[in-house]
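Since the structure comes first, as structure tokens, the remarks are kept for the end.
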Amino acid sequence: MRIVLLGPPGSGKGTQASMLVEQMGIPHISTGALLRNAAKRGTALGLQAKAITDKGELVPDDIMSDMIEERLSRDDVANGFILDGYPRNLAQARSLDAMLERLNMPADEAIHIDIDPEELIKRIAKRAKEEGRTDDAVATVRNRMRVYAEQTAPVADYYAERGLLTQVLGDGPKEEISQRILSVLNTQAATA
Ligand code: ADP
């Protein structure tokens, strides 16, 4: 199953994706994690990306598209994947569609984790303390929220128009949210 996971910063996409990996045995592809790894390795691309992510802006589409294409060309995606953090604007959504079409593996399902903005701020403040992500600084978070509302929220509508989107409520214990997502995927698999 090929799944696109959508939701604002702090909505728990990464946590949920990791839980799905255990349940479903398909790889989790997180563009945020790929970018943070590149920055940690100190590659030119990683350092360039870090300057952008630390401001809460989006890394240019062509860089992201190359990164995703490279990742999707590996053998481990044969049985599916969970995409987390991509696509993040309409241009990326269109480019992903074309890429998956070309690779003969169209997306099966998009899940949007729906959550109260107040809760997001609380969660990110907690994560900033625990993980020390430099893009979790208050001013950066505010900008990431704005970028999300302006550029990424329309991506959910894009998948809704294609009949692929399901909204899942993102509040409550993480196990409960995971169950909600799994039940959506099971229903989808049964009707596919
Ligand atoms: P979150 O979803 O909590 O904002 P991520 O780990 O997904 O965190 O992403 C962190 C940052 O990495 C984003 O704010 C952005 O700057 C950059 N990034 C990740 N994915 C993309 C993408 N598809 N396009 C452009 N920038 C991206």
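Starting from 1 in every chain, residues are counted up; chains themselves are A, B, ... following the order of the structure tokens, and ligands are numbered from 1 as listed.
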Using only C-alpha atoms and all ligand atoms, find each residue of chain A with at least one atom at most 8 Å away from an atom of ligand 1; report its shortest atom-to-atom pair and that distance in Å (one decimal), sort the rows by chain and rising residue number, and return the result as a tab-separated table.
residue	atom	partner	partner_atom_place_in_ligand_line	distance
A:Gly7	CA	ligand 1	2 (O)	7.2
A:Pro8	CA	ligand 1	2 (O)	6.0
A:Pro9	CA	ligand 1	3 (O)	3.5
A:Gly10	CA	ligand 1	3 (O)	5.0
A:Ser11	CA	ligand 1	3 (O)	7.3
A:Gly12	CA	ligand 1	3 (O)	7.8
A:Lys13	CA	ligand 1	2 (O)	7.0
A:Gly14	CA	ligand 1	7 (O)	7.6
A:Ser30	CA	ligand 1	7 (O)	6.5
A:Thr31	CA	ligand 1	20 (N)	4.5
A:Gly32	CA	ligand 1	6 (O)	3.3
A:Ala33	CA	ligand 1	6 (O)	5.8
A:Leu35	CA	ligand 1	12 (O)	6.4
A:Arg36	CA	ligand 1	12 (O)	7.7
A:Ala49	CA	ligand 1	16 (O)	7.5
A:Lys50	CA	ligand 1	16 (O)	7.8
A:Ile52	CA	ligand 1	16 (O)	6.0
A:Thr53	CA	ligand 1	16 (O)	3.5
A:Asp54	CA	ligand 1	16 (O)	7.0
A:Lys55	CA	ligand 1	16 (O)	7.4
A:Gly56	CA	ligand 1	14 (O)	4.8
A:Glu57	CA	ligand 1	16 (O)	4.8
A:Leu58	CA	ligand 1	26 (N)	3.7
A:Val59	CA	ligand 1	26 (N)	3.9
A:Pro60	CA	ligand 1	25 (C)	6.0
A:Asp61	CA	ligand 1	24 (N)	6.1
A:Met64	CA	ligand 1	24 (N)	5.7
A:Ser65	CA	ligand 1	23 (N)	8.0
A:Asp84	CA	ligand 1	7 (O)	6.5
A:Gly85	CA	ligand 1	7 (O)	4.3
A:Tyr86	CA	ligand 1	23 (N)	4.0
A:Pro87	CA	ligand 1	23 (N)	5.0
A:Arg88	CA	ligand 1	23 (N)	4.8
A:Asn89	CA	ligand 1	24 (N)	7.5
A:Gln92	CA	ligand 1	23 (N)	7.2
A:Asp135	CA	ligand 1	14 (O)	7.0
A:Arg144	CA	ligand 1	14 (O)	5.7
Can you write just those residues out, N, CA and C atoms, as a tab-separated table (two decimals), in the first residue's frame?
chain	number	residue	atom	x	y	z
A	7	GLY	N	-0.42	16.50	7.41
A	7	GLY	CA	-0.81	17.08	8.68
A	7	GLY	C	0.17	18.17	9.05
A	8	PRO	N	-0.29	19.14	9.86
A	8	PRO	CA	0.57	20.26	10.22
A	8	PRO	C	1.78	19.85	11.06
A	9	PRO	N	2.78	20.74	11.18
A	9	PRO	CA	3.92	20.46	12.04
A	9	PRO	C	3.41	20.12	13.44
A	10	GLY	N	3.92	19.05	14.02
A	10	GLY	CA	3.51	18.68	15.37
A	10	GLY	C	2.28	17.80	15.43
A	11	SER	N	1.71	17.45	14.26
A	11	SER	CA	0.47	16.67	14.28
A	11	SER	C	0.73	15.20	14.60
A	12	GLY	N	2.01	14.81	14.60
A	12	GLY	CA	2.34	13.43	14.95
A	12	GLY	C	2.51	12.53	13.74
A	13	LYS	N	2.72	13.12	12.58
A	13	LYS	CA	2.91	12.31	11.36
A	13	LYS	C	4.07	11.34	11.51
A	14	GLY	N	5.19	11.85	12.01
A	14	GLY	CA	6.39	11.01	12.14
A	14	GLY	C	6.14	9.85	13.09
A	30	SER	N	10.58	9.91	5.25
A	30	SER	CA	10.36	11.24	5.83
A	30	SER	C	11.34	12.22	5.21
A	31	THR	N	10.83	13.20	4.47
A	31	THR	CA	11.74	14.17	3.86
A	31	THR	C	12.44	15.00	4.94
A	32	GLY	N	11.74	15.28	6.05
A	32	GLY	CA	12.37	16.02	7.14
A	32	GLY	C	13.58	15.25	7.66
A	33	ALA	N	13.41	13.93	7.87
A	33	ALA	CA	14.50	13.10	8.38
A	33	ALA	C	15.63	13.01	7.35
A	35	LEU	N	16.45	15.25	5.20
A	35	LEU	CA	17.15	16.54	5.21
A	35	LEU	C	18.02	16.69	6.46
A	36	ARG	N	17.48	16.26	7.61
A	36	ARG	CA	18.27	16.36	8.85
A	36	ARG	C	19.50	15.46	8.79
A	49	ALA	N	20.17	23.12	2.93
A	49	ALA	CA	18.80	22.86	3.38
A	49	ALA	C	18.61	23.31	4.82
A	50	LYS	N	19.62	23.12	5.66
A	50	LYS	CA	19.48	23.49	7.08
A	50	LYS	C	19.22	24.98	7.24
A	52	ILE	N	17.64	26.80	5.31
A	52	ILE	CA	16.24	27.06	4.92
A	52	ILE	C	15.27	26.53	5.97
A	53	THR	N	15.49	25.28	6.41
A	53	THR	CA	14.55	24.70	7.38
A	53	THR	C	14.60	25.46	8.71
A	54	ASP	N	15.75	25.99	9.07
A	54	ASP	CA	15.85	26.75	10.32
A	54	ASP	C	15.05	28.04	10.28
A	55	LYS	N	14.72	28.49	9.08
A	55	LYS	CA	13.86	29.67	8.97
A	55	LYS	C	12.38	29.25	8.87
A	56	GLY	N	12.15	27.95	8.73
A	56	GLY	CA	10.77	27.46	8.59
A	56	GLY	C	10.25	27.56	7.18
A	57	GLU	N	11.17	27.83	6.24
A	57	GLU	CA	10.75	27.90	4.83
A	57	GLU	C	10.85	26.53	4.19
A	58	LEU	N	10.34	26.41	2.95
A	58	LEU	CA	10.42	25.14	2.24
A	58	LEU	C	11.68	25.08	1.39
A	59	VAL	N	12.30	23.93	1.39
A	59	VAL	CA	13.46	23.66	0.54
A	59	VAL	C	12.93	23.64	-0.91
A	60	PRO	N	13.70	24.17	-1.89
A	60	PRO	CA	13.20	24.25	-3.26
A	60	PRO	C	12.68	22.91	-3.81
A	61	ASP	N	11.62	23.02	-4.61
A	61	ASP	CA	10.94	21.83	-5.14
A	61	ASP	C	11.85	20.89	-5.91
A	64	MET	N	13.86	18.72	-3.59
A	64	MET	CA	13.02	17.72	-2.94
A	64	MET	C	12.61	16.62	-3.91
A	65	SER	N	12.30	17.02	-5.13
A	65	SER	CA	11.85	16.05	-6.11
A	65	SER	C	12.97	15.06	-6.45
A	84	ASP	N	6.00	10.87	4.37
A	84	ASP	CA	5.75	11.81	5.47
A	84	ASP	C	6.55	13.08	5.18
A	85	GLY	N	5.86	14.19	4.95
A	85	GLY	CA	6.55	15.47	4.69
A	85	GLY	C	6.63	15.82	3.22
A	86	TYR	N	6.10	14.97	2.39
A	86	TYR	CA	6.09	15.22	0.94
A	86	TYR	C	4.80	14.63	0.38
A	87	PRO	N	4.07	15.32	-0.45
A	87	PRO	CA	4.29	16.67	-0.96
A	87	PRO	C	3.84	17.75	0.01
A	88	ARG	N	4.48	18.93	-0.10
A	88	ARG	CA	4.22	20.02	0.82
A	88	ARG	C	3.65	21.26	0.13
A	89	ASN	N	3.49	21.20	-1.17
A	89	ASN	CA	2.77	22.26	-1.89
A	89	ASN	C	2.19	21.63	-3.16
A	92	GLN	N	4.64	20.20	-5.78
A	92	GLN	CA	5.20	18.91	-5.36
A	92	GLN	C	4.18	17.79	-5.52
A	135	ASP	N	14.72	23.67	14.21
A	135	ASP	CA	13.57	24.33	13.57
A	135	ASP	C	12.34	24.35	14.48
A	144	ARG	N	6.57	28.05	10.20
A	144	ARG	CA	6.19	26.75	9.63
A	144	ARG	C	4.68	26.60	9.59
Give me the residues of region 116-186 of chain A that have any atom at most 12 Å from an atom of region 17-20 of chain A; for each, the nearest atom pair and the distance in Å, rounded to one decimal. Use only C-alpha atoms, sort by chain and number, and format it as a tab-separated table.
residue	atom	partner	partner_atom	distance
A:Lys174	CA	A:Met19	CA	9.0
A:Glu175	CA	A:Met19	CA	8.5
A:Glu176	CA	A:Met19	CA	11.3
A:Ile177	CA	A:Met19	CA	10.1
A:Ser178	CA	A:Met19	CA	7.0
A:Gln179	CA	A:Leu20	CA	9.6
A:Arg180	CA	A:Leu20	CA	11.3
A:Ile181	CA	A:Leu20	CA	8.6
A:Leu182	CA	A:Leu20	CA	7.8
A:Ser183	CA	A:Leu20	CA	11.6
A:Leu185	CA	A:Leu20	CA	10.3
Excluding Gln167 (chain A) and its own-chain neighbours fewer than 3 positions away, which residues fall within 9 Å of it when counting only C-alpha atoms? Please give them as a list in words.
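Close residues of Gln167 (chain A): Ala110, Ile111, His112, Ile113 and Asp114 of chain A.
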Can you write out the residues you just picked, keeping N, CA and C atoms, as a compact mmCIF listing (two decimals), in the first residue's frame?
# COMPACT_ATOMS: atom_id res chain seq x y z
N ALA A 110 -4.44 8.92 0.88
CA ALA A 110 -3.85 10.06 1.60
C ALA A 110 -4.61 10.22 2.91
N ILE A 111 -3.84 10.37 3.98
CA ILE A 111 -4.46 10.55 5.30
C ILE A 111 -4.05 11.89 5.85
N HIS A 112 -5.04 12.67 6.25
CA HIS A 112 -4.74 13.97 6.84
C HIS A 112 -5.02 13.90 8.33
N ILE A 113 -4.01 14.17 9.13
CA ILE A 113 -4.19 14.17 10.58
C ILE A 113 -4.67 15.56 11.00
N ASP A 114 -5.87 15.55 11.52
CA ASP A 114 -6.59 16.78 11.81
C ASP A 114 -6.45 17.09 13.30
Val4 (chain A) proximity check over A:Asn104, A:Gln151, A:Gln23, A:Thr166, using only C-alpha atoms: winner is A:Thr166
Give me, as a list in words, all polymer residues having an atom no more than 12 Å from Gly25 (chain A), counting only C-alpha atoms and skipping those fewer than 6 positions away in the same chain. Met1, Arg2, Ala17, Ser18, Met19, Asp76, Val77, Ala78, Asn79, Gly80, Phe81 and Ile82 of chain A
Q) When DSSP works through the backbone of this structure, what residues of region 84-159 of chain A end up as helix (DSSP H, G or I), shown as an NGL selection string? A) :A and (90-102 or 117-131 or 134-136 or 138-159)
**Asked** When distances are computed from only C-alpha atoms, which of A:Ile115, A:Leu90, A:Ile68, A:Ala39 shows the smallest separation from Tyr159 (chain A)?
**Response**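 Closest to Tyr159 (chain A), using only C-alpha atoms: A:Leu90.
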To test your reading of the structure, identify every residue in chain A that backbone DSSP assigns to strand (DSSP E or B), and report it as a PyMOL selection string. chain A and resi 2-6+28-30+81-84+109-114+165-169
- Query: How many Å lie between CA of Leu6 (chain A) and CA of Ala156 (chain A), rounded to one decimal?
  - Reply: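 Computing it gives 7.2 Å between the two atoms.
Our summary of the geometry notes that CA of Ile3 (chain A) is positioned 5.0 Å from CA of Glu109 (chain A).
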